[in-house]
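One structure is given here, and the rest of the page talks about it.
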Amino acid sequence: MRIRVDGDIVEDPLADQGDSLLAVLRRGGRTAPKAACGQGECGACTVLLGDRAVMSCVVLAAGVDAEVTTAAGLGADDLREAFADHVAFQCGFCTPGQIVRAEAVLREGVHRTREEIVRAMAGNVCRCTGYVQIVDAIVATMEKRRAEEPECDRR
Amino acid sequence: MRPKVVGTRVRPLDWDAKTAGTARYAADARPEGTLVGRILRSPYPHARIVRLDVDRASRVPGVRAVVTHRDLAPGVVYEHSGEPYSDRPPLAVDRVAYVGQEVAAVAADTAEAAERALRLIDVRYRRLRPVLSTAAALAARATRVRRREGGDNVALAVSGVWGSAELARSRSTVTVGGSFDYPRVTHACMEPNTTLAWWHDDRLELWTSTQASHFVVHELARVLGLRLDQVVCRDVAVGGGFGSKSKVSEHEAIAGLLSMRSGRPVLVELTRAEEISATKPRHAFRTTMRAHADDTGRIRWFEAEVDVDNGAFNHYGPSVMRAGIKQIGSLYRPDAVSWSGRLIDTNLTPGGQFRGYGAPQTALAIECLVDELAERTGIDPIEFRIRNANEPGSVAPAGARIGSARLVECLESVRELIGWDEHRRDRHPSRGLGVAVGVHASGSYAYPGGNVSAAGIDVTSAGEVVVRFGGSDAGTGQRTILGQIAAEVLDVPIGRVQVIMNDWDEAPPDMGAWSSRGTHMGGHAVKRAAEAMAERLRALGAEKLGTEDVRLCGGRVEAAGAAVDIGELVALAPESADGRLRIDTDYLEERMEPYWTGIPNPNISPSYTFAAHAVQVEVDEDTGEIRILDYVAAHDIGRAIHPGMVEGQIIGGVVQGLGAVLGENLIYEGGRVVNASYLHYPLPRSTTAPSIRAVLIEGPEEAGPYDAKSVGEMSIVPPAPAVLNAVYDAVGIRFHSLPLTPDVVLRALAEKRGAPRRRHHLFRRPGRWQIELFRRLYPLGMHAILHRFGTSFARRRPPRPVRRVVTPASVPELTAALAGEPPGEVAVVGAGTDLTTQRAQGLANPHTLVSVTAVTALRRLHARAGGVEIGAAVTLTELARWARDRIPMLADAVETIASAQIRDVATVGGNLAQAKRCWFFRNGFDCYKRGGATCPCYAVTGDHRFHHAAVDAHRCQAVTPSDLATVFAALDATVRVGDRHVPIGGLYRGPGELRIGPGEFIESVSLPEPGPERRGVFEKLRLWDGDFAVVSLALDVGLDAEGRWHRPRIVYGALAPVPWRPAATERALDGRRPTETELTTLIEREFERRAHPLSGTAWKLDAAAGLLRRAARRLNGDTPEGGDDDA
Ligand code: FES
Ligand code: FES
């Protein structure tokens, strides 16, 4: 099988057609999506499939029909910098997943309350930070992007 | 001079790589030819190994090494706490002492080959009677967990008195007491323990997730028979430690051994299930304590007995127990502390080091009892603690020589920020405030060498500064802090500083990050090295610039009118080599006294940090849930090197501490962990405690580098007692154990109310006799027989690859794809989220998958005359979006399912068809449903409080997990399966089991047009945000203008094997406008008549009644005049 990942092609023989997208990505040397639970319960493996954030450990690789974007190919430098400035990571293992998920949330819209951000991030476990600084970083990025929106788009 | 870099919020040095996902963790860069390592673990808690033959396994193609204890020197054990406590062999020798103990290991070209080989290792065990609790260990005639001198199951007993008990007794007038239980909890580091080991050129090179390469190097050299310089750890990112990786774990030596045998690099990565069940959790403590005070509110005396569940091997149990006891003698200013402790052997996973190291366990007792003392003496809990706070310059009973101490300021700060006085004045029902405090060391002289550190600094000719430090940063931010200190001393921009850690080829050794020593020891070590480098640079600069009057500034040495970049000075130093000027220095901390040399009450740490936490909670008296409304944590940290990181350590520790209060707890059945998955182990989520404020109380501390004291462990100590005290303030119940899951809270509330026990009149219900008989026979031997003998006939599904994925585009093609395929061989999948999981859990191994995602007919969601038809391949997100304005209850229900990422792909059909979530079934127990009729249902005698039925269960006690099924039933849905239209109530024949035949599949779900007067409410009780229901309720009624209910449909999820309707209650409510009392009476009557709970599921009926009241309140909220309550 061939999939597009962060602008490149990843090929895999898919000896087991039941393999997850995460397995294929990691075999292909992509380190951003992490295997932490492997059962869709923690979000560490979150990648964009097209424009949807999905947990790649429970997505069948064989069914992937859109471009995959990992944290490494995401861009979103403002969000990554906000994570740095707010110390929104410690060990960093959950971080690529948090950032991909957060970016998907922000791309859906930048007019959300802090509470909505808190809820939107509930699928991504972080054992280190206690979440507050993660939410701070996302909210700060959202506010910045909102301010940069063209006048006519603002509500 | 004010520091420039220290005390500022610089970006973490590793931010770019960590946020892009390019930082290298142990599993991330595999040399060519890396093998997969897998470990064979004991299935029994206690057994003799009578045969261990790896012959067949070694012959599996692709297998490169199989190792057992025979590959190690005879009698070799880890050093751990040192003699006489060293007791653990790296691989089991002739006995296994807990489920999960390592027996053998395999390295192979592929995971499949490795797993095949594991299955072919021939081990015969003779089972021995296991000791599965501390109580059982202490019972007369208990089996011995280990052969040891004393002959009992106590590995270590200690006792003593600090201060004068006589004096203390004479001054005490008020006494409170109790026993407090802190359970086993797991670290749940997000990165599972991982080691990549590579034996080459006579050296073992390791990329391993550790907090302390010191222990890895020393222990591996010892057990593998190598010199210290033959083992080297490289600098890798580490995905969390929290103490678990502060000593050697068990996978490092196994990976090393496999590599030495195969001559190839070997990667051992634990699975999440291994991580939770086989790594060493926090030691469970029972602290029995009496606390005494005088009338003025001065604490006089603590008397404590501590029983520690050691598990099957000592590891660091002796020092964890001592540290826990030390907490009692370090906090406040009692006249005396009388203490004793027993470290008790059991056949459970050995306990290990966990952030706080015994202190959270004993602090639970101290701080709950101090709260009681405050109440008994009539003093406000914060004021009481202020009166007893440690003073600067004092000596605590256990020997701590306190330098700075700002506990009073911490208490005052939380009082103000949480609004303590206002909230306690204007009370709100079911809400309460609690406070708790703690103390922690900054490093500990617990082992020889614990008082030293070292560091190196290089300056390169490019003007870069490289800090070399032999400890490891598992996420605490030490790397950045050390860089800041070097930048500060050398006055270089932080951007020019790089920090290499952990690798002793590069850096002088350090003992690593444990006992909160990272900032103190590492900070001093780097400061000293940097100071030496600064002096050298100034000397070189002086020479170059021809004046003695020079200073370091901005990466240059400056004199009046002249400057030289530090990089240019490198070449001038004769000792420079390869364009680098290197300096290494040692640091010796003289303030610390050793633990083990007989000094009475040693001062083991150079400084002590304090904290006060205050919390506001709300207790939901309908469901037993505890909500954290607000949390303030003030820490006396000396000064922050990096305030943002200190705040992160505080908030992170608080949330971990809250996890242990709100739900975390390892649950065992027959010595085996039942909840070894994130699904069943409720970790805090972003929604658990969204409002936490960290307050830094700063001031001088003479001992610290730049006044810094520790923070990382301190923060996990107060949360549990703070919450328990707040819960008492809210509902008047003093809980003495963790976690406070809804069942515990609801039961206590019912007991407090004096609620009568339900009588289920089983003698009048012949339909339940058979099940009741089974349930009674289970504990009388039936369970034991089925478990011991029946499970040997268990059906197992060996993993195998999926050969084919078929993606039909239409319903006829789909039908054709399924035709003639035997069940079990083929699986219909939507997104495949549950199938992927079931394959990993050994529950399914189809060779063909038929995906419905491309069948356009199944992806439609279309309104038709009289209703709507929802295709089976519609995603949950699509369904919620559609339902939001049309059927809000349906949208509400969908949004409680899993996470947004899952809802975006998971389908309606997949949700309805998913298998049960019973933790025995899912987590590998050979249960009745997994293994077949000869196997027991483990839930009958095991822990069944959350995921099992209280109504109608048969031999399997599980429930249907689908929330959609519940809400669809309330909406009177019909499911289309081929040509059949099945009312949703008839779709299930058992828990998560569909009444559909081979070749059939769910096509769509039809909902009738709801009448304009219909209103619905969905309620769900769950253990974590995204969890399956513990109990859920969908209520759909016709509501008239007077607020009367017409043709109500009440559907409970997770209460019975299939969605369950209390028909009599529904009938009785038709046409009524029920009060809460009436609702409760009706539903209780029906529960009495129809429920048949297990001992641990009875509380779910209370929760179910609570959900009904809550749902009714929400419905009434919709109408202008809600029902009056006569209660
Ligand atoms: S690894 Fe995929 S959700 Fe946890
Ligand atoms: S930063 Fe460690 S798990 Fe999130």
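We label chains A, B, ... in the order they appear in the structure tokens, count residues from 1 in each chain, and number ligands from 1 in the order shown.
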Within 6 Å of ligand 1, counting only C-alpha atoms and all ligand atoms, which protein or nucleic acid residues do you find, written as an mmCIF file with N, CA and C atoms, in the first residue's frame?
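Saved to part_35.cif:
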```cif
data_model
loop_
_atom_site.group_PDB
_atom_site.id
_atom_site.type_symbol
_atom_site.label_atom_id
_atom_site.label_comp_id
_atom_site.auth_asym_id
_atom_site.auth_seq_id
_atom_site.Cartn_x
_atom_site.Cartn_y
_atom_site.Cartn_z
ATOM 1 N N ALA A 35 2.899 5.309 20.192
ATOM 2 C CA ALA A 35 2.061 4.195 20.644
ATOM 3 C C ALA A 35 2.073 4.203 22.160
ATOM 4 N N ALA A 36 0.968 4.604 22.757
ATOM 5 C CA ALA A 36 0.934 4.646 24.217
ATOM 6 C C ALA A 36 -0.082 3.658 24.780
ATOM 7 N N CYS A 37 -1.220 3.512 24.093
ATOM 8 C CA CYS A 37 -2.196 2.531 24.582
ATOM 9 C C CYS A 37 -2.567 1.546 23.489
ATOM 10 N N GLY A 38 -2.528 1.997 22.259
ATOM 11 C CA GLY A 38 -2.842 1.115 21.141
ATOM 12 C C GLY A 38 -4.309 0.731 21.032
ATOM 13 N N GLN A 39 -5.161 1.363 21.835
ATOM 14 C CA GLN A 39 -6.564 0.966 21.819
ATOM 15 C C GLN A 39 -7.514 2.160 21.736
ATOM 16 N N GLY A 40 -7.010 3.270 21.244
ATOM 17 C CA GLY A 40 -7.902 4.405 21.026
ATOM 18 C C GLY A 40 -8.346 5.111 22.288
ATOM 19 N N GLU A 41 -7.537 5.034 23.332
ATOM 20 C CA GLU A 41 -7.984 5.604 24.597
ATOM 21 C C GLU A 41 -7.144 6.772 25.091
ATOM 22 N N CYS A 42 -6.106 7.159 24.358
ATOM 23 C CA CYS A 42 -5.230 8.181 24.934
ATOM 24 C C CYS A 42 -4.847 9.314 23.988
ATOM 25 N N GLY A 43 -4.972 9.122 22.694
ATOM 26 C CA GLY A 43 -4.707 10.225 21.772
ATOM 27 C C GLY A 43 -3.251 10.459 21.415
ATOM 28 N N ALA A 44 -2.319 9.683 21.959
ATOM 29 C CA ALA A 44 -0.898 9.924 21.684
ATOM 30 C C ALA A 44 -0.561 9.677 20.210
ATOM 31 N N CYS A 45 -1.399 8.917 19.538
ATOM 32 C CA CYS A 45 -1.134 8.544 18.149
ATOM 33 C C CYS A 45 -1.912 9.421 17.175
ATOM 34 N N MET A 55 -7.358 8.814 15.804
ATOM 35 C CA MET A 55 -6.391 8.028 16.571
ATOM 36 C C MET A 55 -5.875 6.933 15.654
ATOM 37 N N SER A 56 -4.639 7.088 15.221
ATOM 38 C CA SER A 56 -4.155 6.206 14.159
ATOM 39 C C SER A 56 -3.987 4.771 14.627
ATOM 40 N N CYS A 57 -3.982 4.539 15.939
ATOM 41 C CA CYS A 57 -3.796 3.156 16.403
ATOM 42 C C CYS A 57 -5.037 2.307 16.192
#
```
Self-check item: Test item: chain B residues at most 7 Å from chain A, counting only C-alpha atoms, as a PyMOL selection string
Solution: chain B and resi 11-12+15+18-22+28+189-192+238-240+272+474-477+644-645+648+651-652+655+678-679+685-687+690+801-805+831-833+836-837+899-902+1025
Exercise. Could you give me, as a VMD selection string, each residue of range 11-147 of chain A that DSSP assigns to helix (DSSP H, G or I) when run on this structure's backbone?
Key: chain A and resid 21 to 27 56 to 58 61 to 63 71 to 73 77 to 85 95 to 108 114 to 120 132 to 147
Exercise. Considering only C-alpha atoms, return as an NGL selection string whatever protein or nucleic-acid residues lie within 7 Å of Gly522 in chain B, sequence-local ones (same chain, fewer than 4 positions apart) excluded.
Key: :B and (453 or 518 or 526)
Practice problem: Give me the residues within 12 Å of Ala872 in chain B as a PyMOL selection string, counting only C-alpha atoms and dropping any in the same chain fewer than 5 places off. | Solution: chain B and resi 811+828-831+851-861+878-879+906-913+964+975-977+1001-1006
Quiz item: How many Å lie between CA of Gly178 in chain B and CA of Asp307 in chain B, rounded to one decimal?
Solution: 13.5 Å
Quiz prompt | Residue list (strand (DSSP E or B), DSSP) for range 8-130 of chain A, as a list in words | solution = Asp8, Ile9, Val10, Glu11, Ser20, Thr46, Val47, Leu48, Leu49, Arg52, Ala53, Val54, Met55, Leu60, Val68 and Thr69 of chain A
For C-alpha atoms, I'd like the residues from the last selection saved as a PDB file, in the first residue's frame.
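Written output follows (again-v5.pdb):
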```
ATOM      1  CA  ASP A   8       5.974  12.147   1.182  1.00  0.00           C
ATOM      2  CA  ILE A   9       4.969   8.681   0.128  1.00  0.00           C
ATOM      3  CA  VAL A  10       5.116   5.859   2.647  1.00  0.00           C
ATOM      4  CA  GLU A  11       4.968   2.379   1.185  1.00  0.00           C
ATOM      5  CA  SER A  20      -3.339   0.004  12.078  1.00  0.00           C
ATOM      6  CA  THR A  46      -3.356  11.341  16.831  1.00  0.00           C
ATOM      7  CA  VAL A  47      -2.735  12.361  13.213  1.00  0.00           C
ATOM      8  CA  LEU A  48      -4.748  14.224  10.656  1.00  0.00           C
ATOM      9  CA  LEU A  49      -6.448  12.056   8.078  1.00  0.00           C
ATOM     10  CA  ARG A  52      -9.963  15.021  10.632  1.00  0.00           C
ATOM     11  CA  ALA A  53      -7.920  14.264  13.718  1.00  0.00           C
ATOM     12  CA  VAL A  54      -8.017  10.514  14.243  1.00  0.00           C
ATOM     13  CA  MET A  55      -6.391   8.028  16.571  1.00  0.00           C
ATOM     14  CA  LEU A  60      -7.153   0.434   9.634  1.00  0.00           C
ATOM     15  CA  VAL A  68      -1.934  11.806   6.570  1.00  0.00           C
ATOM     16  CA  THR A  69      -0.366  14.680   8.497  1.00  0.00           C
TER      17      THR A  69
END
```
Exercise. Would you list the contacts of Asp943 in chain B as a PyMOL selection string, taking every protein, DNA or RNA residue within 9 Å and counting only C-alpha atoms, but skipping same-chain residues closer than 4 positions in sequence?
Key: chain B and resi 667-669+674+938-939+1096
Self-check item: Straight-line distance linking CA of Pro43 in chain B with CA of Gln101 in chain B, stated in Å to one decimal
Solution: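 Between CA of Pro43 in chain B and CA of Gln101 in chain B the gap is 8.3 Å.
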Exercise. Would you kindly return, as JSON, numbers by chain, each protein, DNA or RNA residue with an atom no farther than 12 Å from any atom of range 762-779 of chain B, considering only C-alpha atoms and excluding same-chain residues fewer than 5 positions away?
Key: {"B": [784, 785, 786, 787, 935, 936, 937, 938, 939, 940, 941, 942, 951, 952, 953, 954, 955, 956, 957, 1088, 1089, 1090, 1091, 1092, 1093, 1094, 1095]}
